Amino acid sequence: MSPRTKEQNEEIRLRRLAQIRKAAADVFLNKGPLLEIRDVAVQAGLGYGTVYHYYSNKGNLLHDLLWDALERAGGWLEAPRASASGEAPAGGHFGLAAAADTGNSAAADSQSGSRETAAAAELGPAAAAGIRLLQLWAEDHALYLLHKLAGEGFASLPEARSAPLSAAFRREVLAPLAALLETGHAVDGTAASGGNAAEPPYPLQRAEMLLAALVGCASLSLRRGKLHEEAKDIVRFLKL
């Protein structure tokens with residue numbers, strides 16, 4: 001058997017890192033800061049030594065997990081605009097992995113785009129985005145963890161690591177969400193009051209409060225494995 005190439009080794013390394021981070025997010029959902037590397041190894045189905053080779057402490061693992069999640073965190077805000085233009089979101093359902101059956105991916109994208117457009121028309125852009133985010137959390141626990149810890153100022157990390165994360169989260173997630181909420185508020189306020197809408201809270205503060213409310217409401221449904229189907233009820237409860 002010929003030795004693996006450098007590219008093959010790198011592919012294996014990246015796949016193993018993704019496996020470990022996903023397992024860590026699942027464990028953290030149940031154990032919080034009590035998470036241990038050994039717990040992650042069990043969840044991932046890997047040996048303790050294998051996980052320890054990549055992450056010798058849970059601080060480094062959590063730090064990398066959150067930055068990795070942040071790279072995916074803005075997609076849910078892009079999708080409503082794509083759907084409103086009649087285009088299906090890139091990457092299939094909720095912008096995650098492509099459909100498993102590639103032969104049906106075009107049909108799946110078309111149906112997903114139709115559902116997104118209908119949701120936006122029925123509930124408004126902010127509500128449709130909220131549903132997308134909740135359903136993404138159901139599929140990707142690292143994203144939920146990112147938003148939950150962001151609301152706590154990433155206090156579980158040292159300040160030298162939490163400050164850059166907080167700044168990036170503010171830039172990549174809070175600012176675009178605030179812009180979306182302001183657009184929806186302006187439209188709703190004009191329709192309701194003929195142009196004399198009450199002044200809303202500061203945009204970023206409003207976005208922070210919305211995410212905190214979604215995180216709190218999602219917690220129970222997520223633990224029961226019901227978040228995906230209860231997302232719309234949560235958004236209606238919050239009156240987005």
# chains A, B, ... in the order shown; residues from 1 in each chain; ligands from 1
>>> residues_around(residues="Asn57 (chain A)", least_positions_apart="3", cutoff="9 Å", atoms="only C-alpha atoms", output="PyMOL selection string")
chain A and resi 36-37+52+60-61
>>> write_last_selection(atoms="all heavy atoms", output="PDB file, in the first residue's frame")
ATOM      1  N   GLU A  36     -15.415  17.756  29.420  1.00  0.00           N
ATOM      2  CA  GLU A  36     -14.029  17.296  29.481  1.00  0.00           C
ATOM      3  C   GLU A  36     -13.653  16.661  28.145  1.00  0.00           C
ATOM      4  O   GLU A  36     -14.522  16.202  27.400  1.00  0.00           O
ATOM      5  CB  GLU A  36     -13.847  16.275  30.608  1.00  0.00           C
ATOM      6  CG  GLU A  36     -14.104  16.828  32.015  1.00  0.00           C
ATOM      7  CD  GLU A  36     -13.049  17.848  32.453  1.00  0.00           C
ATOM      8  OE1 GLU A  36     -11.989  17.908  31.793  1.00  0.00           O
ATOM      9  OE2 GLU A  36     -13.298  18.576  33.430  1.00  0.00           O
ATOM     10  N   ILE A  37     -12.366  16.647  27.854  1.00  0.00           N
ATOM     11  CA  ILE A  37     -11.886  16.068  26.601  1.00  0.00           C
ATOM     12  C   ILE A  37     -12.348  14.613  26.471  1.00  0.00           C
ATOM     13  O   ILE A  37     -12.717  14.148  25.391  1.00  0.00           O
ATOM     14  CB  ILE A  37     -10.353  16.148  26.505  1.00  0.00           C
ATOM     15  CG1 ILE A  37      -9.895  17.610  26.460  1.00  0.00           C
ATOM     16  CG2 ILE A  37      -9.848  15.395  25.280  1.00  0.00           C
ATOM     17  CD1 ILE A  37     -10.337  18.366  25.229  1.00  0.00           C
ATOM     18  N   TYR A  52      -7.002  14.135  22.154  1.00  0.00           N
ATOM     19  CA  TYR A  52      -5.976  14.889  22.871  1.00  0.00           C
ATOM     20  C   TYR A  52      -4.853  15.318  21.919  1.00  0.00           C
ATOM     21  O   TYR A  52      -4.222  16.364  22.133  1.00  0.00           O
ATOM     22  CB  TYR A  52      -5.408  14.029  24.006  1.00  0.00           C
ATOM     23  CG  TYR A  52      -4.505  14.786  24.951  1.00  0.00           C
ATOM     24  CD1 TYR A  52      -5.023  15.513  26.013  1.00  0.00           C
ATOM     25  CD2 TYR A  52      -3.117  14.754  24.769  1.00  0.00           C
ATOM     26  CE1 TYR A  52      -4.192  16.203  26.870  1.00  0.00           C
ATOM     27  CE2 TYR A  52      -2.276  15.442  25.629  1.00  0.00           C
ATOM     28  CZ  TYR A  52      -2.827  16.166  26.678  1.00  0.00           C
ATOM     29  OH  TYR A  52      -2.007  16.850  27.525  1.00  0.00           O
ATOM     30  N   ASN A  60      -8.857  25.508  24.287  1.00  0.00           N
ATOM     31  CA  ASN A  60      -8.502  25.618  22.869  1.00  0.00           C
ATOM     32  C   ASN A  60      -9.595  25.043  21.978  1.00  0.00           C
ATOM     33  O   ASN A  60      -9.888  25.589  20.906  1.00  0.00           O
ATOM     34  CB  ASN A  60      -7.187  24.886  22.604  1.00  0.00           C
ATOM     35  CG  ASN A  60      -5.986  25.606  23.188  1.00  0.00           C
ATOM     36  OD1 ASN A  60      -6.053  26.794  23.479  1.00  0.00           O
ATOM     37  ND2 ASN A  60      -4.901  24.880  23.380  1.00  0.00           N
ATOM     38  N   LEU A  61     -10.188  23.958  22.417  1.00  0.00           N
ATOM     39  CA  LEU A  61     -11.254  23.329  21.631  1.00  0.00           C
ATOM     40  C   LEU A  61     -12.454  24.263  21.516  1.00  0.00           C
ATOM     41  O   LEU A  61     -12.998  24.464  20.418  1.00  0.00           O
ATOM     42  CB  LEU A  61     -11.658  22.009  22.284  1.00  0.00           C
ATOM     43  CG  LEU A  61     -12.858  21.269  21.686  1.00  0.00           C
ATOM     44  CD1 LEU A  61     -12.695  21.074  20.186  1.00  0.00           C
ATOM     45  CD2 LEU A  61     -13.033  19.923  22.381  1.00  0.00           C
TER      46      LEU A  61
END
>>> residues_around(residues="region 168-178 of chain A", least_positions_apart="5", cutoff="9 Å", atoms="only C-alpha atoms", output="JSON list (two decimals) with C-alpha atoms, in the first residue's frame")
[["chain", "number", "residue", "atom", "x", "y", "z"],
["A", 70, "LEU", "CA", -18.72, 32.18, 13.32],
["A", 71, "GLU", "CA", -17.62, 31.50, 9.75],
["A", 73, "ALA", "CA", -23.05, 32.38, 11.26],
["A", 74, "GLY", "CA", -24.05, 34.93, 8.63],
["A", 77, "LEU", "CA", -29.31, 36.46, 7.09],
["A", 126, "ALA", "CA", -37.36, 39.33, 10.49],
["A", 146, "LEU", "CA", -21.96, 30.57, 19.48],
["A", 147, "HIS", "CA", -25.08, 32.71, 19.91],
["A", 150, "ALA", "CA", -22.06, 35.64, 22.62],
["A", 163, "ALA", "CA", -12.62, 40.28, 22.96],
["A", 183, "THR", "CA", -35.77, 47.58, 7.54],
["A", 202, "TYR", "CA", -30.80, 51.31, 19.44],
["A", 203, "PRO", "CA", -30.45, 48.88, 16.50],
["A", 204, "LEU", "CA", -27.59, 46.76, 17.92],
["A", 205, "GLN", "CA", -29.26, 46.60, 21.32],
["A", 206, "ARG", "CA", -32.48, 45.44, 19.68],
["A", 207, "ALA", "CA", -30.59, 42.75, 17.77],
["A", 208, "GLU", "CA", -28.91, 41.58, 20.99],
["A", 211, "LEU", "CA", -30.99, 36.86, 19.88]]
>>> closest_residue(among="A:Pro3, A:Gly151, A:Pro164, A:Pro158", to="Leu214 (chain A)", atoms="only C-alpha atoms")
A:Gly151
>>> residues_around(residues="region 236-240 of chain A", least_positions_apart="4", cutoff="9 Å", atoms="only C-alpha atoms", output="list in words")
Leu123, Gly124, Ala126, Ala127, Ala128, Gly130, Leu210, Ala213, Leu214, Cys217, Ala231 and Lys232 of chain A
>>> write_last_selection(atoms="N, CA and C atoms", output="tab-separated table (two decimals), in the first residue's frame")
chain	number	residue	atom	x	y	z
A	123	LEU	N	-44.92	36.11	7.33
A	123	LEU	CA	-44.47	36.57	8.63
A	123	LEU	C	-43.58	37.81	8.59
A	124	GLY	N	-43.05	38.16	7.43
A	124	GLY	CA	-42.13	39.27	7.34
A	124	GLY	C	-40.69	38.81	7.38
A	126	ALA	N	-37.98	39.62	9.20
A	126	ALA	CA	-37.36	39.33	10.49
A	126	ALA	C	-37.82	37.99	11.04
A	127	ALA	N	-39.13	37.72	10.92
A	127	ALA	CA	-39.68	36.45	11.41
A	127	ALA	C	-39.15	35.29	10.59
A	128	ALA	N	-39.09	35.45	9.27
A	128	ALA	CA	-38.57	34.39	8.42
A	128	ALA	C	-37.12	34.10	8.75
A	130	GLY	N	-35.71	34.63	11.67
A	130	GLY	CA	-35.70	33.98	12.97
A	130	GLY	C	-35.98	32.49	12.88
A	210	LEU	N	-33.12	40.43	20.75
A	210	LEU	CA	-33.81	39.41	19.96
A	210	LEU	C	-33.08	38.08	20.02
A	213	ALA	N	-33.53	36.43	23.36
A	213	ALA	CA	-34.86	35.84	23.48
A	213	ALA	C	-34.95	34.53	22.71
A	214	LEU	N	-34.37	34.49	21.52
A	214	LEU	CA	-34.39	33.27	20.72
A	214	LEU	C	-33.59	32.16	21.40
A	217	CYS	N	-35.68	30.84	24.40
A	217	CYS	CA	-36.84	30.06	23.97
A	217	CYS	C	-36.44	28.75	23.30
A	231	ALA	N	-39.93	25.86	15.64
A	231	ALA	CA	-39.32	27.16	15.36
A	231	ALA	C	-40.38	28.22	15.04
A	232	LYS	N	-41.34	27.87	14.23
A	232	LYS	CA	-42.35	28.86	13.84
A	232	LYS	C	-43.19	29.29	15.04
>>> atom_distance(atom1="CA of Gly225 (chain A)", atom2="CA of Leu181 (chain A)")
28.2 Å
>>> closest_residue(among="A:Leu62, A:Val42, A:Ala24, A:Ile12", to="Ala155 (chain A)", atoms="only C-alpha atoms")
A:Leu62
>>> closest_residue(among="A:Arg72, A:Lys31, A:His63, A:Arg223", to="Asp140 (chain A)", atoms="only C-alpha atoms")
A:Arg72
>>> decode(residues="region 1-14 of chain A", atoms="N, CA and C atoms", output="PDB file, in the first residue's frame")
ATOM      1  N   MET A   1       0.853  -1.195   0.000  1.00  0.00           N
ATOM      2  CA  MET A   1       0.000   0.000   0.000  1.00  0.00           C
ATOM      3  C   MET A   1       0.888   1.244   0.000  1.00  0.00           C
ATOM      4  N   SER A   2       0.633   2.144  -0.929  1.00  0.00           N
ATOM      5  CA  SER A   2       1.438   3.355  -1.027  1.00  0.00           C
ATOM      6  C   SER A   2       1.078   4.316   0.099  1.00  0.00           C
ATOM      7  N   PRO A   3       2.044   5.082   0.587  1.00  0.00           N
ATOM      8  CA  PRO A   3       1.763   6.031   1.671  1.00  0.00           C
ATOM      9  C   PRO A   3       0.804   7.127   1.212  1.00  0.00           C
ATOM     10  N   ARG A   4       0.085   7.702   2.161  1.00  0.00           N
ATOM     11  CA  ARG A   4      -0.862   8.766   1.831  1.00  0.00           C
ATOM     12  C   ARG A   4      -0.115  10.014   1.398  1.00  0.00           C
ATOM     13  N   THR A   5      -0.742  10.760   0.506  1.00  0.00           N
ATOM     14  CA  THR A   5      -0.147  12.012   0.058  1.00  0.00           C
ATOM     15  C   THR A   5      -0.383  13.102   1.110  1.00  0.00           C
ATOM     16  N   LYS A   6       0.307  14.195   0.938  1.00  0.00           N
ATOM     17  CA  LYS A   6       0.142  15.333   1.837  1.00  0.00           C
ATOM     18  C   LYS A   6      -1.297  15.837   1.806  1.00  0.00           C
ATOM     19  N   GLU A   7      -1.875  15.859   0.620  1.00  0.00           N
ATOM     20  CA  GLU A   7      -3.255  16.321   0.477  1.00  0.00           C
ATOM     21  C   GLU A   7      -4.234  15.389   1.190  1.00  0.00           C
ATOM     22  N   GLN A   8      -3.987  14.081   1.088  1.00  0.00           N
ATOM     23  CA  GLN A   8      -4.862  13.117   1.764  1.00  0.00           C
ATOM     24  C   GLN A   8      -4.756  13.258   3.287  1.00  0.00           C
ATOM     25  N   ASN A   9      -3.550  13.463   3.777  1.00  0.00           N
ATOM     26  CA  ASN A   9      -3.366  13.657   5.219  1.00  0.00           C
ATOM     27  C   ASN A   9      -4.080  14.910   5.704  1.00  0.00           C
ATOM     28  N   GLU A  10      -4.024  15.966   4.908  1.00  0.00           N
ATOM     29  CA  GLU A  10      -4.697  17.208   5.283  1.00  0.00           C
ATOM     30  C   GLU A  10      -6.214  17.030   5.279  1.00  0.00           C
ATOM     31  N   GLU A  11      -6.715  16.287   4.308  1.00  0.00           N
ATOM     32  CA  GLU A  11      -8.157  16.023   4.251  1.00  0.00           C
ATOM     33  C   GLU A  11      -8.606  15.239   5.493  1.00  0.00           C
ATOM     34  N   ILE A  12      -7.823  14.254   5.876  1.00  0.00           N
ATOM     35  CA  ILE A  12      -8.141  13.467   7.074  1.00  0.00           C
ATOM     36  C   ILE A  12      -8.101  14.350   8.316  1.00  0.00           C
ATOM     37  N   ARG A  13      -7.104  15.219   8.391  1.00  0.00           N
ATOM     38  CA  ARG A  13      -6.976  16.108   9.548  1.00  0.00           C
ATOM     39  C   ARG A  13      -8.191  17.028   9.671  1.00  0.00           C
ATOM     40  N   LEU A  14      -8.599  17.630   8.569  1.00  0.00           N
ATOM     41  CA  LEU A  14      -9.736  18.550   8.597  1.00  0.00           C
ATOM     42  C   LEU A  14     -11.031  17.822   8.938  1.00  0.00           C
TER      43      LEU A  14
END
